[in-house]
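One structure below.
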Amino acid sequence: LRKVACVGADSRYLVVALARQGARWSAQIVWAVMEGMFAENRYLVEVTNDSEHDFVLDGDWLRSGEWKSDRLTPIKAKSLTVMEFNSSQPRGVAGIVWWTDAKHHDVYLSMALTNPRLQAPTFTCSAGLPPTDLKSELEVAHRLVQGEQTTPKGSGCAWVAAALGTMTVVKLTILPDLCHYTPPTGASYVAAA
């Protein structure tokens with residue numbers, strides 16, 4: 001590393017490291033931060049709930065980004081609900097969100113989504129039974145392809161990416177027949193042994 005150039009205006013900075021590689025200098029962006037430097041990155045999920053279940057938020061974990069819509073809006077049965085996430089940070093949007101049915105709390109809706117700035121957006125969802133480890137689903141979520149219908153076997157839902165980019169739009173359909181989750185008990189472990 002030979003020289004470092006710093007370009008800045010107001011609260012926006014870009015640090016460029018110039019390194020000598022043989023007879024040439026190469027520039028690498030080492031650090032870029034600051035509010036307003038990155039355009040807003042948005043992720044819209046349009047949920048068509050064809051099931052008989054109303055879903056209420058049970059939890060979320062956002063590695064980057066935040067809710068733009070009201071996170072407590074329920075997903076009503078036989079209706080359309082739109083949720084939106086956004087980020088003006090370098091990492092874009094990434095997180096997991098899960099809901100349970102409002103009546104018995106034994107039917108789940110779980111999703112993992114990302115919209116990074118330098119890679120393709122991803123999405124995965126399951127309705128009915130919850131995934132064993134939802135946080136790990138974030139790392140293995142399906143890469144979205146615009147216009148491609150995805151219906152994983154046994155997932156209880158289907159989706160299509162209507163738009164990709166700084167404004168990613170996923171149209172999610174919750175299927176009518178969903179499994180109910182019964183957590184294991186001590187007796188069920190003994191019976192299985």
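Following the order of the structure tokens, first chain is A, next is B, and so on, with residues numbered from 1 inside each chain and ligands from 1 in the order they appear.
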Show which residues sit within 9 Å of Leu109 (chain A), as a short mmCIF file (atom, residue, chain, number, x, y, z; two decimals) with N, CA and C atoms, in the first residue's frame. Count only C-alpha atoms, and ignore same-chain residues fewer than 4 positions away.
data_model
loop_
_atom_site.label_atom_id
_atom_site.label_comp_id
_atom_site.auth_asym_id
_atom_site.auth_seq_id
_atom_site.Cartn_x
_atom_site.Cartn_y
_atom_site.Cartn_z
N PHE A 55 -52.73 -14.23 10.37
CA PHE A 55 -51.39 -14.34 10.95
C PHE A 55 -51.00 -13.04 11.63
N VAL A 97 -38.36 -13.12 9.19
CA VAL A 97 -39.60 -12.67 9.83
C VAL A 97 -40.51 -13.87 9.96
N TRP A 98 -41.24 -13.97 11.07
CA TRP A 98 -42.16 -15.08 11.23
C TRP A 98 -43.43 -14.63 11.95
N TRP A 99 -44.52 -15.27 11.56
CA TRP A 99 -45.85 -15.00 12.10
C TRP A 99 -46.45 -16.33 12.57
N THR A 100 -47.45 -16.25 13.45
CA THR A 100 -48.24 -17.43 13.82
C THR A 100 -49.71 -17.08 13.59
N ASP A 101 -50.53 -18.12 13.47
CA ASP A 101 -51.96 -17.84 13.32
C ASP A 101 -52.48 -17.22 14.61
N CYS A 125 -39.67 -19.06 1.82
CA CYS A 125 -40.82 -18.94 2.71
C CYS A 125 -41.40 -20.32 2.97
N SER A 126 -41.97 -20.49 4.15
CA SER A 126 -42.73 -21.70 4.44
C SER A 126 -43.96 -21.30 5.24
N ALA A 127 -45.07 -21.98 4.97
CA ALA A 127 -46.32 -21.73 5.69
C ALA A 127 -46.82 -23.06 6.21
N GLY A 128 -47.32 -23.04 7.43
CA GLY A 128 -47.74 -24.27 8.10
C GLY A 128 -46.74 -24.60 9.17
N LEU A 129 -45.83 -25.52 8.86
CA LEU A 129 -44.78 -25.89 9.81
C LEU A 129 -43.61 -24.90 9.72
N PRO A 130 -43.00 -24.56 10.85
CA PRO A 130 -41.85 -23.66 10.80
C PRO A 130 -40.60 -24.43 10.38
N GLY A 156 -46.18 -24.98 1.60
CA GLY A 156 -47.42 -24.30 1.91
C GLY A 156 -47.57 -22.94 1.25
N ILE A 174 -50.02 -17.67 -0.01
CA ILE A 174 -50.13 -18.68 1.03
C ILE A 174 -51.24 -19.63 0.59
#
Inset, instruction - From the DSSP assignment of the backbone, select every residue of region 77-160 of chain A that is helix (DSSP H, G or I), and format the answer as a VMD selection string. - result: chain A and resid 134 to 140
Inset, instruction - Compare A:Thr185, A:Thr124, A:Asn41, A:Ser87 by their minimum atom-to-atom distance to Ala112 (chain A), counting only C-alpha atoms, and give me the closest one. - result: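 Going through A:Thr185, A:Thr124, A:Asn41, A:Ser87 one by one, the smallest distance to Ala112 (chain A) is for A:Thr124.
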Inset, instruction - Just the residues within 8 Å of Gln149 (chain A), please, counting only C-alpha atoms, with nothing from its chain fewer than 5 positions along; format it as a PyMOL selection string. - result: chain A and resi 158-161
Write the residues of the preceding selection, restricted to N, CA and C atoms, as a short mmCIF file (atom, residue, chain, number, x, y, z; two decimals), in the first residue's frame.
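Dumped to selection11.cif:
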data_model
loop_
_atom_site.label_atom_id
_atom_site.label_comp_id
_atom_site.auth_asym_id
_atom_site.auth_seq_id
_atom_site.Cartn_x
_atom_site.Cartn_y
_atom_site.Cartn_z
N ALA A 158 -46.24 -20.31 -2.44
CA ALA A 158 -45.62 -20.17 -3.76
C ALA A 158 -45.30 -18.70 -3.95
N TRP A 159 -44.27 -18.39 -4.76
CA TRP A 159 -43.94 -16.99 -5.00
C TRP A 159 -43.32 -16.81 -6.38
N VAL A 160 -43.37 -15.56 -6.81
CA VAL A 160 -42.76 -15.14 -8.07
C VAL A 160 -42.16 -13.76 -7.84
N ALA A 161 -40.99 -13.51 -8.42
CA ALA A 161 -40.35 -12.19 -8.34
C ALA A 161 -40.90 -11.34 -9.48
#
Legend entry - From A:His142, A:Lys68, A:Arg91, A:Arg63, residue lying nearest Asn115 (chain A) [only C-alpha atoms]: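 Smallest distance to Asn115 (chain A) is found for A:Arg91.
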Legend entry - Shell around His53 (chain A) at 8 Å using only C-alpha atoms, local window under 6 positions removed, as a VMD selection string: chain A and resid 76 to 77 101 to 102
Write out as a PDB file with all heavy atoms, in the first residue's frame the residues lying within 10 Å of Ala39 (chain A), counting only C-alpha atoms and excluding same-chain residues fewer than 5 positions away.
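Output saved as part-v3.pdb:
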ATOM      1  N   SER A  87     -33.533  -0.017   3.081  1.00  0.00           N
ATOM      2  CA  SER A  87     -32.224   0.246   3.665  1.00  0.00           C
ATOM      3  C   SER A  87     -31.505   1.295   2.837  1.00  0.00           C
ATOM      4  O   SER A  87     -31.573   1.274   1.615  1.00  0.00           O
ATOM      5  CB  SER A  87     -31.388  -1.029   3.691  1.00  0.00           C
ATOM      6  OG  SER A  87     -30.076  -0.748   4.137  1.00  0.00           O
ATOM      7  N   SER A  88     -30.813   2.193   3.516  1.00  0.00           N
ATOM      8  CA  SER A  88     -29.922   3.122   2.825  1.00  0.00           C
ATOM      9  C   SER A  88     -28.485   2.815   3.229  1.00  0.00           C
ATOM     10  O   SER A  88     -27.587   3.607   3.018  1.00  0.00           O
ATOM     11  CB  SER A  88     -30.302   4.572   3.154  1.00  0.00           C
ATOM     12  OG  SER A  88     -30.281   4.769   4.547  1.00  0.00           O
ATOM     13  N   GLN A  89     -28.279   1.651   3.817  1.00  0.00           N
ATOM     14  CA  GLN A  89     -26.958   1.207   4.259  1.00  0.00           C
ATOM     15  C   GLN A  89     -26.257   0.429   3.149  1.00  0.00           C
ATOM     16  O   GLN A  89     -26.905  -0.074   2.238  1.00  0.00           O
ATOM     17  CB  GLN A  89     -27.097   0.315   5.502  1.00  0.00           C
ATOM     18  CG  GLN A  89     -27.781   0.999   6.668  1.00  0.00           C
ATOM     19  CD  GLN A  89     -27.023   2.215   7.153  1.00  0.00           C
ATOM     20  OE1 GLN A  89     -25.820   2.184   7.303  1.00  0.00           O
ATOM     21  NE2 GLN A  89     -27.734   3.314   7.361  1.00  0.00           N
ATOM     22  N   PRO A  90     -24.937   0.261   3.239  1.00  0.00           N
ATOM     23  CA  PRO A  90     -24.191  -0.456   2.199  1.00  0.00           C
ATOM     24  C   PRO A  90     -24.625  -1.916   2.007  1.00  0.00           C
ATOM     25  O   PRO A  90     -24.538  -2.436   0.912  1.00  0.00           O
ATOM     26  CB  PRO A  90     -22.741  -0.403   2.683  1.00  0.00           C
ATOM     27  CG  PRO A  90     -22.682   0.709   3.658  1.00  0.00           C
ATOM     28  CD  PRO A  90     -24.056   0.846   4.241  1.00  0.00           C
ATOM     29  N   GLY A  92     -27.635  -3.306   2.169  1.00  0.00           N
ATOM     30  CA  GLY A  92     -28.968  -3.553   1.647  1.00  0.00           C
ATOM     31  C   GLY A  92     -29.892  -4.118   2.713  1.00  0.00           C
ATOM     32  O   GLY A  92     -29.722  -3.869   3.892  1.00  0.00           O
ATOM     33  N   ARG A 117     -26.759  -5.133  -2.206  1.00  0.00           N
ATOM     34  CA  ARG A 117     -26.483  -4.189  -3.287  1.00  0.00           C
ATOM     35  C   ARG A 117     -25.673  -4.796  -4.425  1.00  0.00           C
ATOM     36  O   ARG A 117     -25.841  -4.414  -5.566  1.00  0.00           O
ATOM     37  CB  ARG A 117     -25.771  -2.971  -2.744  1.00  0.00           C
ATOM     38  CG  ARG A 117     -26.663  -2.209  -1.815  1.00  0.00           C
ATOM     39  CD  ARG A 117     -26.078  -0.885  -1.435  1.00  0.00           C
ATOM     40  NE  ARG A 117     -26.969  -0.239  -0.503  1.00  0.00           N
ATOM     41  CZ  ARG A 117     -28.063   0.433  -0.836  1.00  0.00           C
ATOM     42  NH1 ARG A 117     -28.398   0.550  -2.088  1.00  0.00           N
ATOM     43  NH2 ARG A 117     -28.820   0.978   0.077  1.00  0.00           N
ATOM     44  N   THR A 166     -32.986  -2.413  -7.120  1.00  0.00           N
ATOM     45  CA  THR A 166     -33.098  -1.577  -5.925  1.00  0.00           C
ATOM     46  C   THR A 166     -34.512  -1.591  -5.363  1.00  0.00           C
ATOM     47  O   THR A 166     -34.724  -1.243  -4.217  1.00  0.00           O
ATOM     48  CB  THR A 166     -32.669  -0.117  -6.207  1.00  0.00           C
ATOM     49  OG1 THR A 166     -33.463   0.389  -7.273  1.00  0.00           O
ATOM     50  CG2 THR A 166     -31.196  -0.039  -6.554  1.00  0.00           C
TER      51      THR A 166
END
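With only C-alpha atoms as the atoms that count, the residue of A:Asn86, A:Thr173, A:Thr150, A:Ser51 with the shortest distance to Thr114 (chain A) is A:Asn86.
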Inset, instruction - Could you check which of A:Ser136, A:Ser79, A:Ser69, A:Gln119 is closest to Ile96 (chain A), using only C-alpha atoms? - result: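 Among the listed residues, the smallest separation from Ile96 (chain A) belongs to A:Ser136.
Of the listed residues (A:Val190, A:Leu178, A:Leu80, A:Val45), A:Val45 comes nearest to Met111 (chain A); the distances count only C-alpha atoms.
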